[in-house]
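Heads up: the structure comes next, in structure tokens.
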Amino acid sequence: MSAALRELASLYVAVALLLPVALLLARLALELLARLGAPLSSRQSLRVGRGALLLALVLPVLATAAHALAPAGPLFSFERSVARHAGRLPGPTWDAPAARPAPRPRDTAPASVPWLLLAASVIAMGASGFTARALVRHQRLLRRLECLPRVRAVGRVSVVLGEEGMPAFSAWFPRLGSGASAWVVVPPSVLGDAESLRLTVLHELQHHRQRDTHLAFARLVLTGAFFWHPAAHVLSRWLVALQELACDEALVVGGRAQAHAYARCLLQAALTVPGAPPLPAGATGMSHPTARRIQMLFQPRPFRAHGAAALLAALFLVLLPLATLAQGAARGRTVTLAEAKALAESSQPSGDLPVVVDAKVVEQLNRLIGTEKGRAFMKRALTNLGTQRDALVTGLRSKSLPEGLLAVAVVESAVANLPETSTSPSLAPGMRGAGVWMFIPETARRYGLEVSATRDERLDVTRETQAAAALLSDLHARYSDWRLALAAYNQGEKKVDEALAQGGSRDVSALMAAGRLNDYTATVQAGLLIVRNPHLLD
């Protein structure tokens, strides 16, 4: 799975984790201020609600961007890394014998089940279905509004007379052309009362002024994207309630409505159209009054100039570290390209095998530390390396080879001395061999190892390590590039020579990306990063 898709999935999960926290903190903060005798006005509360939603959506993105620009955190605690204790090795010298390794045919490893891709597909299908259903209702309502008799026009807003049983509501629909896109629907029951008609129209026009009808589509996108998430639906309903209170407050505080007359209008609306059906996206109705809504009309409405801004600043300071934690939890053990490069640079012992980090190395690294099978393999390899290390390092140093080539044994056999008939897993594609270094019979014989019915020197760790050191020394002498030498160790010189001739490049990253070489080199380099940074498996 691509790194971009993984990052997108981690952002989605981080937002899902942050939504209920932002909702809870915003509501608790408003309730606490009210209990302390310093409540915010309804319009300020609406700003806080919208701001909390915006923070829940934006902060994970900011955390991801900051993480990419300045990678830091637990991945960079190198105190437990063996790289801090790696000694400086002698400079390599190359005395190449004439023998050449036999090519190892490549097998295609079975692909792991793309669970993340499957989950993303299910969520995308659900979100599309939810949104499509809302848009169908949207289109039906639009056709109904175009057929209703028009009472008057207020600027670009058309005021129309609703059908029997239809509540008062306002609606906005994005559309092309000169047709009306903003509507106010008034029920027939208010036509006999001029004051109720005036207040109903003013209330619904206020929804347009506050952009509530426009933001209804943003709520549709939110609830559609998180159709499975209760917090998204609760947050949407809370914002609708705050919108109604803000409209009521704006009309009464602005002097366009008297509190008693407005309360009577609200009561009349509730008694005339009880149990009105929910409205589709883009429509905001004059919802049924509640005790809180009626009481608000007759209570003092404090306005603190910087109250909403101060509360949002406090929410930002609280939610920012939570967003970072949520983003980290969503990403799990996934390592980014920037992090992998920082790991390689920070854990590179002087004179040892260099790690060239590219997209393939990051992919293999995440497979090893982010999957159960990969982690189990690498933990077993590090355990075995603790017992076999001295014998392997002695053989490598006999040819003045870098100690980092231990990663070859890690990838080939998990540093286990395995017979050819063993079914223990290996990360190396191609024909299965034997021993710690997984020599196939032909190559083993070329490098002086006896492989017969009575004796198999591939299982003699000391002898096999000497042969592996000679082979690796040969390959580096031939290609003067450790990554090409590693590719030839797995696929053979013939395959590497063909890749160089056809690819027109000696860049192993480009050759792997083009499919001319397999991922063996990237796997070895990813394994070496883990050997040098075993805390990645914690």
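Residues are named by chain letter and number: chains run A, B, ... in the order of the structure tokens, numbers start at 1 in each chain, and ligands are numbered from 1 in the order shown.
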Quick one: residues within 9 Å of range 211-215 of chain A, only C-alpha atoms counted, chain neighbours fewer than 6 positions away excluded, as a list in words?
Ser170, Ala171, Trp172, Phe173, Pro174, Ala182, Val240, Gln243, Ala281, Gly282, Ala283 and Thr284 of chain A
Output file for the selection above: N, CA, C and O atoms, as a PDB file, in the first residue's frame:
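Written output follows (out.pdb):
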ATOM      1  N   SER A 170     -35.348  27.705   6.083  1.00  0.00           N
ATOM      2  CA  SER A 170     -34.556  28.392   5.062  1.00  0.00           C
ATOM      3  C   SER A 170     -33.670  27.369   4.385  1.00  0.00           C
ATOM      4  O   SER A 170     -33.283  26.365   4.987  1.00  0.00           O
ATOM      5  N   ALA A 171     -33.356  27.616   3.136  1.00  0.00           N
ATOM      6  CA  ALA A 171     -32.564  26.658   2.368  1.00  0.00           C
ATOM      7  C   ALA A 171     -31.706  27.390   1.354  1.00  0.00           C
ATOM      8  O   ALA A 171     -32.078  28.467   0.857  1.00  0.00           O
ATOM      9  N   TRP A 172     -30.573  26.784   1.087  1.00  0.00           N
ATOM     10  CA  TRP A 172     -29.674  27.301   0.039  1.00  0.00           C
ATOM     11  C   TRP A 172     -29.148  26.110  -0.733  1.00  0.00           C
ATOM     12  O   TRP A 172     -28.772  25.085  -0.155  1.00  0.00           O
ATOM     13  N   PHE A 173     -29.130  26.278  -2.054  1.00  0.00           N
ATOM     14  CA  PHE A 173     -28.646  25.197  -2.924  1.00  0.00           C
ATOM     15  C   PHE A 173     -27.639  25.777  -3.907  1.00  0.00           C
ATOM     16  O   PHE A 173     -27.948  26.755  -4.604  1.00  0.00           O
ATOM     17  N   PRO A 174     -26.439  25.229  -3.973  1.00  0.00           N
ATOM     18  CA  PRO A 174     -25.492  25.695  -5.000  1.00  0.00           C
ATOM     19  C   PRO A 174     -25.992  25.304  -6.375  1.00  0.00           C
ATOM     20  O   PRO A 174     -26.283  24.139  -6.633  1.00  0.00           O
ATOM     21  N   ALA A 182     -31.382  30.734  -2.899  1.00  0.00           N
ATOM     22  CA  ALA A 182     -31.647  30.936  -1.480  1.00  0.00           C
ATOM     23  C   ALA A 182     -33.156  31.078  -1.292  1.00  0.00           C
ATOM     24  O   ALA A 182     -33.814  31.840  -2.013  1.00  0.00           O
ATOM     25  N   VAL A 240     -26.640  22.635  15.106  1.00  0.00           N
ATOM     26  CA  VAL A 240     -27.968  23.076  14.659  1.00  0.00           C
ATOM     27  C   VAL A 240     -28.695  23.777  15.798  1.00  0.00           C
ATOM     28  O   VAL A 240     -29.320  24.837  15.610  1.00  0.00           O
ATOM     29  N   GLN A 243     -27.212  27.152  16.330  1.00  0.00           N
ATOM     30  CA  GLN A 243     -27.635  28.073  15.273  1.00  0.00           C
ATOM     31  C   GLN A 243     -28.993  28.698  15.588  1.00  0.00           C
ATOM     32  O   GLN A 243     -29.198  29.897  15.394  1.00  0.00           O
ATOM     33  N   ALA A 281     -30.047  18.395   3.488  1.00  0.00           N
ATOM     34  CA  ALA A 281     -28.881  19.278   3.503  1.00  0.00           C
ATOM     35  C   ALA A 281     -29.213  20.617   2.877  1.00  0.00           C
ATOM     36  O   ALA A 281     -29.951  20.707   1.905  1.00  0.00           O
ATOM     37  N   GLY A 282     -28.639  21.670   3.444  1.00  0.00           N
ATOM     38  CA  GLY A 282     -28.869  23.004   2.912  1.00  0.00           C
ATOM     39  C   GLY A 282     -30.089  23.669   3.485  1.00  0.00           C
ATOM     40  O   GLY A 282     -30.342  24.836   3.192  1.00  0.00           O
ATOM     41  N   ALA A 283     -30.895  22.976   4.308  1.00  0.00           N
ATOM     42  CA  ALA A 283     -32.112  23.539   4.885  1.00  0.00           C
ATOM     43  C   ALA A 283     -31.959  23.610   6.387  1.00  0.00           C
ATOM     44  O   ALA A 283     -31.483  22.683   7.032  1.00  0.00           O
ATOM     45  N   THR A 284     -32.361  24.739   6.974  1.00  0.00           N
ATOM     46  CA  THR A 284     -32.304  24.938   8.420  1.00  0.00           C
ATOM     47  C   THR A 284     -33.671  25.399   8.870  1.00  0.00           C
ATOM     48  O   THR A 284     -34.145  26.455   8.438  1.00  0.00           O
TER      49      THR A 284
END
Neighbours of Ala522 in chain A within 10 Å (only C-alpha atoms; same-chain residues fewer than 5 positions away dropped), as a ChimeraX atom specification?
/A:355-365,483,486-487,508-509,512,527-528
Tell me, in Å to one decimal, how far CA of Gln502 in chain A is from CA of Asn518 in chain A.
14.8 Å
Considering only C-alpha atoms, state which residue in the set A:Pro441, A:Pro60, A:Gly285, A:Gly435 is at the smallest distance from Leu320 in chain A.
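For Leu320 in chain A, the nearest of the candidates is A:Pro60.
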Using only C-alpha atoms, what table do you get, as JSON lines, when you list each residue of range 199-230 of chain A with an atom no more than 12 Å from range 150-164 of chain A, its nearest pair of atoms, and their distance in Å rounded to one decimal, rows by chain then rising number?
{"residue": "A:Thr200", "atom": "CA", "partner": "A:Val159", "partner_atom": "CA", "distance": 10.7}
{"residue": "A:Val201", "atom": "CA", "partner": "A:Val159", "partner_atom": "CA", "distance": 7.8}
{"residue": "A:Leu202", "atom": "CA", "partner": "A:Val154", "partner_atom": "CA", "distance": 10.4}
{"residue": "A:Glu204", "atom": "CA", "partner": "A:Val159", "partner_atom": "CA", "distance": 9.7}
{"residue": "A:Leu205", "atom": "CA", "partner": "A:Val157", "partner_atom": "CA", "distance": 8.2}
{"residue": "A:Gln206", "atom": "CA", "partner": "A:Val157", "partner_atom": "CA", "distance": 11.5}
{"residue": "A:His207", "atom": "CA", "partner": "A:Val157", "partner_atom": "CA", "distance": 11.5}
{"residue": "A:His208", "atom": "CA", "partner": "A:Val157", "partner_atom": "CA", "distance": 8.7}
{"residue": "A:Arg209", "atom": "CA", "partner": "A:Val157", "partner_atom": "CA", "distance": 10.9}
Same residues, all heavy atoms, output as a short mmCIF file (atom, residue, chain, number, x, y, z; two decimals), in the first residue's frame:
data_model
loop_
_atom_site.label_atom_id
_atom_site.label_comp_id
_atom_site.auth_asym_id
_atom_site.auth_seq_id
_atom_site.Cartn_x
_atom_site.Cartn_y
_atom_site.Cartn_z
N THR A 200 -41.18 35.23 11.49
CA THR A 200 -40.76 33.98 10.84
C THR A 200 -39.78 34.26 9.71
O THR A 200 -38.74 33.61 9.58
CB THR A 200 -41.98 33.22 10.31
OG1 THR A 200 -42.85 32.89 11.41
CG2 THR A 200 -41.56 31.94 9.61
N VAL A 201 -40.13 35.28 8.88
CA VAL A 201 -39.24 35.63 7.76
C VAL A 201 -37.91 36.16 8.28
O VAL A 201 -36.83 35.80 7.78
CB VAL A 201 -39.92 36.65 6.83
CG1 VAL A 201 -38.94 37.15 5.77
CG2 VAL A 201 -41.15 36.04 6.17
N LEU A 202 -37.95 36.99 9.34
CA LEU A 202 -36.71 37.53 9.89
C LEU A 202 -35.82 36.41 10.43
O LEU A 202 -34.59 36.44 10.26
CB LEU A 202 -37.03 38.53 11.02
CG LEU A 202 -37.54 39.91 10.59
CD1 LEU A 202 -37.91 40.75 11.81
CD2 LEU A 202 -36.49 40.63 9.75
N GLU A 204 -35.69 33.23 9.54
CA GLU A 204 -35.09 32.42 8.47
C GLU A 204 -34.06 33.21 7.67
O GLU A 204 -33.06 32.66 7.21
CB GLU A 204 -36.18 31.87 7.55
CG GLU A 204 -37.21 31.00 8.25
CD GLU A 204 -36.60 29.85 9.01
OE1 GLU A 204 -35.48 29.41 8.67
OE2 GLU A 204 -37.23 29.37 9.97
N LEU A 205 -34.31 34.53 7.50
CA LEU A 205 -33.30 35.35 6.83
C LEU A 205 -32.01 35.43 7.65
O LEU A 205 -30.91 35.51 7.10
CB LEU A 205 -33.84 36.76 6.59
CG LEU A 205 -34.91 36.91 5.49
CD1 LEU A 205 -35.41 38.34 5.44
CD2 LEU A 205 -34.35 36.50 4.12
N GLN A 206 -32.17 35.41 8.98
CA GLN A 206 -30.98 35.44 9.84
C GLN A 206 -30.11 34.20 9.63
O GLN A 206 -28.89 34.27 9.69
CB GLN A 206 -31.40 35.55 11.31
CG GLN A 206 -30.25 35.66 12.28
CD GLN A 206 -29.43 36.92 12.08
OE1 GLN A 206 -29.94 37.95 11.60
NE2 GLN A 206 -28.14 36.86 12.43
N HIS A 207 -30.76 33.07 9.35
CA HIS A 207 -29.98 31.87 9.04
C HIS A 207 -29.11 32.09 7.80
O HIS A 207 -27.97 31.62 7.74
CB HIS A 207 -30.91 30.68 8.81
CG HIS A 207 -31.38 30.02 10.07
ND1 HIS A 207 -30.51 29.55 11.02
CD2 HIS A 207 -32.63 29.77 10.53
CE1 HIS A 207 -31.20 29.02 12.02
NE2 HIS A 207 -32.50 29.15 11.75
N HIS A 208 -29.66 32.78 6.80
CA HIS A 208 -28.86 33.09 5.61
C HIS A 208 -27.73 34.05 5.96
O HIS A 208 -26.60 33.89 5.48
CB HIS A 208 -29.75 33.68 4.52
CG HIS A 208 -30.66 32.70 3.85
ND1 HIS A 208 -30.18 31.65 3.12
CD2 HIS A 208 -32.02 32.60 3.81
CE1 HIS A 208 -31.19 30.94 2.64
NE2 HIS A 208 -32.32 31.50 3.05
N ARG A 209 -28.01 35.04 6.81
CA ARG A 209 -26.98 36.01 7.17
C ARG A 209 -25.84 35.33 7.91
O ARG A 209 -24.67 35.70 7.76
CB ARG A 209 -27.58 37.12 8.04
CG ARG A 209 -28.55 38.03 7.31
CD ARG A 209 -28.90 39.25 8.16
NE ARG A 209 -29.93 40.03 7.52
CZ ARG A 209 -31.23 39.96 7.81
NH1 ARG A 209 -31.65 39.10 8.76
NH2 ARG A 209 -32.12 40.70 7.19
#
